[in-house]
Structure formats: C-alpha cells, structure tokens
Amino acid sequence: MAENLTLLATESSSSYEDLDKQTVDTLLRQINAEDKTVPFAVEKVIPAIESLVHEIVVRMKQGGRLFYIGAGTSGRLGVVDASECPPTYGVPHDWVIGLIAGGDSAIRKAVENAEDDEQQAWKDMEAYQIDSLDTVIGIAASGRTPYVIGGLRAANAQGILTGCIVCNAGSLVAKEAKYPIEVVVGPEYVTGSTRMKSGTAQKLVLNMISTTVMIQLGRVRGNKMVDMQLSNHKLVLRAIRMVREATGVSDEMAAELLEKHGSVRNAVDAFQAN
C-alpha cells in the first residue's frame with residue numbers, strides 16, 4: 001500500500017486557497033503571517049535543544065566533532081551552518097561537518113534518488129573517520145528520509161551520540177535519534193513546500209545549536225567573535241573596531257596589532273600582557 005503522506009503535518013494542505021489569484025501584497029503578507037509562527041514553534045522545543053547541546057559540548061571538549069546529515073533543503077541548511085563556523089569562530093573546518101545526500105554537487109542541483117539510500121550517510125561519515133566522541137544530527141523536515149534514518153541507525157550502532165531536527169511529530173527519524181528535536185510548524189503556505197516554514201525552523205535551530213556550542217567552547221568573548229577569520233575588508237574593519245574598543249588604542253595601532261597577532265583575541269591579549 002502506498003504511503004499516505006497527507007498524514008504528515010508538513011504535507012497537509014495549506015490554510016490558504018487560490019494563491020494564484022492573489023495580489024502580490026496579499027501573497028507577501030500571508031507568507032509573512034505564516035513565518036511569524038515559526039519562532040513560537042521553536043520556543044516550545046528549547047528544552048530538547050538544551051539537552052542535545054549539553055551532550056555535544058561534553059564531547060567536543062574532548063575532541064569530538066559535530067556532523068549534520070540531510071537531503072535536499074535540509075542537507076543544504078546543514079552544509080551552510082557547518083561552512084559558516086570556521087570563518088565566524090576561527091575553528092578548523094573539520095569541527096562541524098555538513099553532509100548532503102548526493103554529495104557536494106547536490107548543494108546546487110538535486111541528485112536523483114540520493115536521499116533513498118539508507119547506507120550512504122554512514123559511508124559518507126566513515127570517510128571522516130567518525131568515532132564515539134562525535135555527534136550526528138539528522139535533519140529532515142518530513143522525518144522520513146532514508147539517508148538520514150540509515151545514518152542515525154548506523155551511528156547508534158557504533159555508540160555515537162545522535163540527534164535530529166524534524167518538523168513532524170513521531171517520525172521515523174525522531175525514533176532513531178537519542179535526542180530528537182521536533183519543531184512542528186504545521187502546513188506550509190504552498191502545500192508541501194518545506195523549504196518555507198520547515199526550512200526556516202531548521203535554520204533557526206541550527207543557529208541556536210552551533211552558536212551556543214561555540215560560546216560554550218570559548219569561541220566568543222563577551223559578545224564578540226574574537227576568533228573570526230579576517231578574510232575581507234569589512235571583517236578587518238570590524239576587527240579593528242573590536243580591538244580599539246577593548247584596548248583604547250588608535251585604529252592605526254589596532255591594525256598593527258591585528259597584523260602582528262592574526263586575530264582579535266590574540267591582539268587584545270598581547271596588548272594587555274604588556
């Protein structure tokens with residue numbers, strides 16, 4: 001018997017009718033009205049996010065890494081979050097690793113049937129010599145993606161911490177995850193288009209997880225990204241301002257300190273040590 005996807009909240013019919021007959025203003029306001037509900041759905045699962053973050057931090061302090069696995073939009077969101085950690089927090093590229101079904105080419109173009117292979121996620125993680133100090137978070141709006149289910153199941157079998165971010169209650173993915181996060185946002189504005197509210201919810205939760213983990217690992221001082229990579233002119237100017245505010249030196253001296261020591265943290269520490 002064919003699976004009845006309409007039973008899933010993410011596949012249920014939109015609350016809005018005749019979208020193709022609406023004005024642009026109406027469409028925008030209706031989408032915005034739906035988007036406003038997402039942070040409230042995320043708020044309800046903060047205790048679940050907190051439990052997972054605590055476990056991640058314990059492992060990463062011992063040298064563990066964080067893996068995201070997903071397909072389609074969910075996979076892309078994981079890749080985005082992982083790729084932003086090194087420039088934001090100055091951490092190695094293998095601290096947070098985003099894996100998408102179909103490989104990196106799937107970031108830009110969908111790879112047919114890639115998400116249906118239950119064995120591939122574990123193969124992808126094995127390429128990074130995944131071990132028991134690592135954490136795997138499966139990301140799947142539907143909560144039924146085989147790539148994610150298989151990856152979590154294999155990780156569990158190896159004694160690896162598992163979590164997930166899904167947008168349906170009681171999903172197969174959540175059943176595999178030791179620390180499930182179920183953000184139920186309800187029907188999408190365009191029926192079944194989970195890149196909308198579901199994707200927004202997943203992005204918010206990923207932001208919360210990676211940011212909180214990095215703060216707990218000491219990669220933020222006060223409220224500043226003191227380890228950020230100085231990879232463009234805007235970031236250099238930001239870093240100069242941060243050094244100036246922390247030390248009271250001129251912009252010129254702040255720039256010299258950054259040039260010599262390579263980061264805001266090191267520049268400020270070197271100045272204060274003298």
# chains A, B, ... in the order shown; residues from 1 in each chain; ligands from 1
call {"tool": "residues_around", "arguments": {"residues": "Ile165 of chain A", "least_positions_apart": "6", "cutoff": "8 Å", "atoms": "only C-alpha atoms", "output": "number ranges by chain"}}
result
A: 137-141, 174, 180-183, 202, 205
call {"tool": "closest_atom_pairs", "arguments": {"of": "segment 90-168 of chain A", "to": "segment 214-224 of chain A", "cutoff": "12 Å", "atoms": "only C-alpha atoms", "output": "JSON lines"}}
result
{"residue": "A:Gly90", "atom": "CA", "partner": "A:Arg219", "partner_atom": "CA", "distance": 7.9}
{"residue": "A:Val91", "atom": "CA", "partner": "A:Arg219", "partner_atom": "CA", "distance": 8.3}
{"residue": "A:Pro92", "atom": "CA", "partner": "A:Arg219", "partner_atom": "CA", "distance": 12.0}
{"residue": "A:Trp95", "atom": "CA", "partner": "A:Met214", "partner_atom": "CA", "distance": 10.4}
{"residue": "A:Val96", "atom": "CA", "partner": "A:Met214", "partner_atom": "CA", "distance": 10.4}
call {"tool": "write_last_selection", "arguments": {"atoms": "N, CA and C atoms", "output": "mmCIF file, in the first residue's frame"}}
result
data_model
loop_
_atom_site.group_PDB
_atom_site.id
_atom_site.type_symbol
_atom_site.label_atom_id
_atom_site.label_comp_id
_atom_site.auth_asym_id
_atom_site.auth_seq_id
_atom_site.Cartn_x
_atom_site.Cartn_y
_atom_site.Cartn_z
ATOM 1 N N GLY A 90 36.676 30.907 13.838
ATOM 2 C CA GLY A 90 38.081 30.579 13.695
ATOM 3 C C GLY A 90 38.413 29.140 14.040
ATOM 4 N N VAL A 91 37.444 28.239 13.886
ATOM 5 C CA VAL A 91 37.673 26.836 14.223
ATOM 6 C C VAL A 91 38.100 26.067 12.968
ATOM 7 N N PRO A 92 38.752 24.922 13.135
ATOM 8 C CA PRO A 92 39.128 24.105 11.974
ATOM 9 C C PRO A 92 37.900 23.676 11.171
ATOM 10 N N TRP A 95 35.661 20.646 12.469
ATOM 11 C CA TRP A 95 34.944 20.652 13.746
ATOM 12 C C TRP A 95 33.453 20.418 13.521
ATOM 13 N N VAL A 96 32.898 21.081 12.517
ATOM 14 C CA VAL A 96 31.481 20.917 12.175
ATOM 15 C C VAL A 96 31.422 20.545 10.697
#
call {"tool": "residues_around", "arguments": {"residues": "segment 151-160 of chain A", "least_positions_apart": "6", "cutoff": "10 Å", "atoms": "only C-alpha atoms", "output": "PDB file with N, CA and C atoms, in the first residue's frame"}}
result
ATOM      1  N   ILE A  69      23.667  15.577   8.829  1.00  0.00           N
ATOM      2  CA  ILE A  69      23.349  14.798   7.634  1.00  0.00           C
ATOM      3  C   ILE A  69      21.920  15.121   7.208  1.00  0.00           C
ATOM      4  N   GLY A  70      21.715  15.284   5.905  1.00  0.00           N
ATOM      5  CA  GLY A  70      20.387  15.591   5.401  1.00  0.00           C
ATOM      6  C   GLY A  70      20.347  15.514   3.897  1.00  0.00           C
ATOM      7  N   ASP A 117      18.895   6.160  -0.304  1.00  0.00           N
ATOM      8  CA  ASP A 117      19.907   5.153   0.027  1.00  0.00           C
ATOM      9  C   ASP A 117      20.196   5.193   1.528  1.00  0.00           C
ATOM     10  N   GLU A 118      19.752   4.158   2.251  1.00  0.00           N
ATOM     11  CA  GLU A 118      19.926   4.133   3.705  1.00  0.00           C
ATOM     12  C   GLU A 118      21.375   3.884   4.125  1.00  0.00           C
ATOM     13  N   GLN A 119      22.205   3.399   3.232  1.00  0.00           N
ATOM     14  CA  GLN A 119      23.579   3.055   3.585  1.00  0.00           C
ATOM     15  C   GLN A 119      24.559   4.203   3.362  1.00  0.00           C
ATOM     16  N   GLN A 120      24.182   5.170   2.518  1.00  0.00           N
ATOM     17  CA  GLN A 120      25.170   6.141   2.052  1.00  0.00           C
ATOM     18  C   GLN A 120      25.634   7.118   3.124  1.00  0.00           C
ATOM     19  N   ALA A 121      24.751   7.525   4.014  1.00  0.00           N
ATOM     20  CA  ALA A 121      25.155   8.515   5.024  1.00  0.00           C
ATOM     21  C   ALA A 121      26.294   7.985   5.878  1.00  0.00           C
ATOM     22  N   TRP A 122      26.197   6.711   6.274  1.00  0.00           N
ATOM     23  CA  TRP A 122      27.276   6.154   7.090  1.00  0.00           C
ATOM     24  C   TRP A 122      28.570   6.070   6.290  1.00  0.00           C
ATOM     25  N   LYS A 123      28.476   5.708   5.020  1.00  0.00           N
ATOM     26  CA  LYS A 123      29.668   5.690   4.174  1.00  0.00           C
ATOM     27  C   LYS A 123      30.285   7.088   4.100  1.00  0.00           C
ATOM     28  N   ASP A 124      29.427   8.102   3.972  1.00  0.00           N
ATOM     29  CA  ASP A 124      29.928   9.475   3.906  1.00  0.00           C
ATOM     30  C   ASP A 124      30.632   9.873   5.198  1.00  0.00           C
ATOM     31  N   MET A 125      30.083   9.449   6.334  1.00  0.00           N
ATOM     32  CA  MET A 125      30.690   9.790   7.620  1.00  0.00           C
ATOM     33  C   MET A 125      31.961   8.993   7.870  1.00  0.00           C
ATOM     34  N   ILE A 130      34.752   8.879  11.537  1.00  0.00           N
ATOM     35  CA  ILE A 130      33.854   9.210  12.635  1.00  0.00           C
ATOM     36  C   ILE A 130      34.065   8.245  13.799  1.00  0.00           C
ATOM     37  N   ASP A 131      33.967   8.762  15.050  1.00  0.00           N
ATOM     38  CA  ASP A 131      34.163   7.893  16.207  1.00  0.00           C
ATOM     39  C   ASP A 131      33.213   8.269  17.334  1.00  0.00           C
ATOM     40  N   SER A 132      33.395   7.625  18.478  1.00  0.00           N
ATOM     41  CA  SER A 132      32.420   7.713  19.566  1.00  0.00           C
ATOM     42  C   SER A 132      32.376   9.067  20.259  1.00  0.00           C
ATOM     43  N   LEU A 133      33.347   9.948  20.008  1.00  0.00           N
ATOM     44  CA  LEU A 133      33.295  11.290  20.589  1.00  0.00           C
ATOM     45  C   LEU A 133      32.478  12.258  19.724  1.00  0.00           C
ATOM     46  N   ASP A 134      32.150  11.829  18.524  1.00  0.00           N
ATOM     47  CA  ASP A 134      31.431  12.699  17.594  1.00  0.00           C
ATOM     48  C   ASP A 134      29.928  12.675  17.852  1.00  0.00           C
ATOM     49  N   THR A 135      29.239  13.633  17.252  1.00  0.00           N
ATOM     50  CA  THR A 135      27.781  13.729  17.331  1.00  0.00           C
ATOM     51  C   THR A 135      27.228  13.820  15.921  1.00  0.00           C
ATOM     52  N   VAL A 136      26.123  13.121  15.682  1.00  0.00           N
ATOM     53  CA  VAL A 136      25.459  13.175  14.381  1.00  0.00           C
ATOM     54  C   VAL A 136      24.049  13.727  14.563  1.00  0.00           C
ATOM     55  N   ILE A 137      23.741  14.804  13.832  1.00  0.00           N
ATOM     56  CA  ILE A 137      22.391  15.369  13.851  1.00  0.00           C
ATOM     57  C   ILE A 137      21.771  15.165  12.476  1.00  0.00           C
ATOM     58  N   GLY A 138      20.686  14.411  12.429  1.00  0.00           N
ATOM     59  CA  GLY A 138      19.953  14.209  11.189  1.00  0.00           C
ATOM     60  C   GLY A 138      18.941  15.315  10.991  1.00  0.00           C
ATOM     61  N   VAL A 173      12.673   9.293  11.807  1.00  0.00           N
ATOM     62  CA  VAL A 173      13.967   9.909  12.133  1.00  0.00           C
ATOM     63  C   VAL A 173      14.055  10.181  13.632  1.00  0.00           C
ATOM     64  N   ALA A 174      12.993  10.740  14.213  1.00  0.00           N
ATOM     65  CA  ALA A 174      12.997  11.047  15.645  1.00  0.00           C
ATOM     66  C   ALA A 174      13.122   9.786  16.488  1.00  0.00           C
ATOM     67  N   LYS A 175      12.553   8.694  16.016  1.00  0.00           N
ATOM     68  CA  LYS A 175      12.653   7.435  16.760  1.00  0.00           C
ATOM     69  C   LYS A 175      14.079   6.910  16.783  1.00  0.00           C
ATOM     70  N   GLU A 176      14.851   7.201  15.743  1.00  0.00           N
ATOM     71  CA  GLU A 176      16.246   6.761  15.697  1.00  0.00           C
ATOM     72  C   GLU A 176      17.152   7.662  16.527  1.00  0.00           C
ATOM     73  N   ALA A 177      16.810   8.939  16.666  1.00  0.00           N
ATOM     74  CA  ALA A 177      17.670   9.897  17.368  1.00  0.00           C
ATOM     75  C   ALA A 177      17.544   9.756  18.877  1.00  0.00           C
ATOM     76  N   LYS A 178      18.689   9.778  19.551  1.00  0.00           N
ATOM     77  CA  LYS A 178      18.670   9.743  21.017  1.00  0.00           C
ATOM     78  C   LYS A 178      18.167  11.068  21.599  1.00  0.00           C
TER      79      LYS A 178
END
call {"tool": "closest_residue", "arguments": {"among": "A:Val38, A:Ile46, A:Val213, A:Ala9", "to": "Arg65 of chain A", "atoms": "only C-alpha atoms"}}
result
A:Val213
call {"tool": "residues_around", "arguments": {"residues": "Tyr16 of chain A", "least_positions_apart": "6", "cutoff": "10 Å", "atoms": "only C-alpha atoms", "output": "ChimeraX atom specification"}}
result
/A:27,30-31,187-191
call {"tool": "write_last_selection", "arguments": {"atoms": "N, CA and C atoms", "output": "PDB file, in the first residue's frame"}}
result
ATOM      1  N   LEU A  27      -0.099  38.038  -1.102  1.00  0.00           N
ATOM      2  CA  LEU A  27       0.813  36.904  -1.000  1.00  0.00           C
ATOM      3  C   LEU A  27       1.920  37.160   0.011  1.00  0.00           C
ATOM      4  N   GLN A  30       0.534  37.221   3.607  1.00  0.00           N
ATOM      5  CA  GLN A  30       0.163  35.893   4.081  1.00  0.00           C
ATOM      6  C   GLN A  30       1.393  35.050   4.404  1.00  0.00           C
ATOM      7  N   ILE A  31       2.410  35.105   3.548  1.00  0.00           N
ATOM      8  CA  ILE A  31       3.646  34.381   3.831  1.00  0.00           C
ATOM      9  C   ILE A  31       4.277  34.884   5.125  1.00  0.00           C
ATOM     10  N   PRO A 187       1.066  23.203   8.364  1.00  0.00           N
ATOM     11  CA  PRO A 187       1.037  23.231   6.895  1.00  0.00           C
ATOM     12  C   PRO A 187       1.869  24.370   6.327  1.00  0.00           C
ATOM     13  N   GLU A 188       2.520  24.107   5.205  1.00  0.00           N
ATOM     14  CA  GLU A 188       3.274  25.147   4.516  1.00  0.00           C
ATOM     15  C   GLU A 188       2.323  26.054   3.730  1.00  0.00           C
ATOM     16  N   TYR A 189       2.792  27.271   3.459  1.00  0.00           N
ATOM     17  CA  TYR A 189       1.969  28.218   2.701  1.00  0.00           C
ATOM     18  C   TYR A 189       1.644  27.660   1.319  1.00  0.00           C
ATOM     19  N   VAL A 190       2.661  27.158   0.642  1.00  0.00           N
ATOM     20  CA  VAL A 190       2.459  26.378  -0.577  1.00  0.00           C
ATOM     21  C   VAL A 190       2.530  24.919  -0.148  1.00  0.00           C
ATOM     22  N   THR A 191       1.460  24.188  -0.298  1.00  0.00           N
ATOM     23  CA  THR A 191       1.354  22.839   0.249  1.00  0.00           C
ATOM     24  C   THR A 191       2.582  21.989  -0.064  1.00  0.00           C
TER      25      THR A 191
END
call {"tool": "closest_residue", "arguments": {"among": "A:Val249, A:Val236, A:Met208, A:Ala255", "to": "Gln272 of chain A", "atoms": "only C-alpha atoms"}}
result
A:Val249
call {"tool": "closest_residue", "arguments": {"among": "A:Leu77, A:Ala127, A:Phe271, A:Gly163", "to": "Arg244 of chain A", "atoms": "only C-alpha atoms"}}
result
A:Phe271
call {"tool": "atom_distance", "arguments": {"atom1": "atom CA of Arg241 of chain A", "atom2": "atom CA of Leu206 of chain A"}}
result
28.4 Å
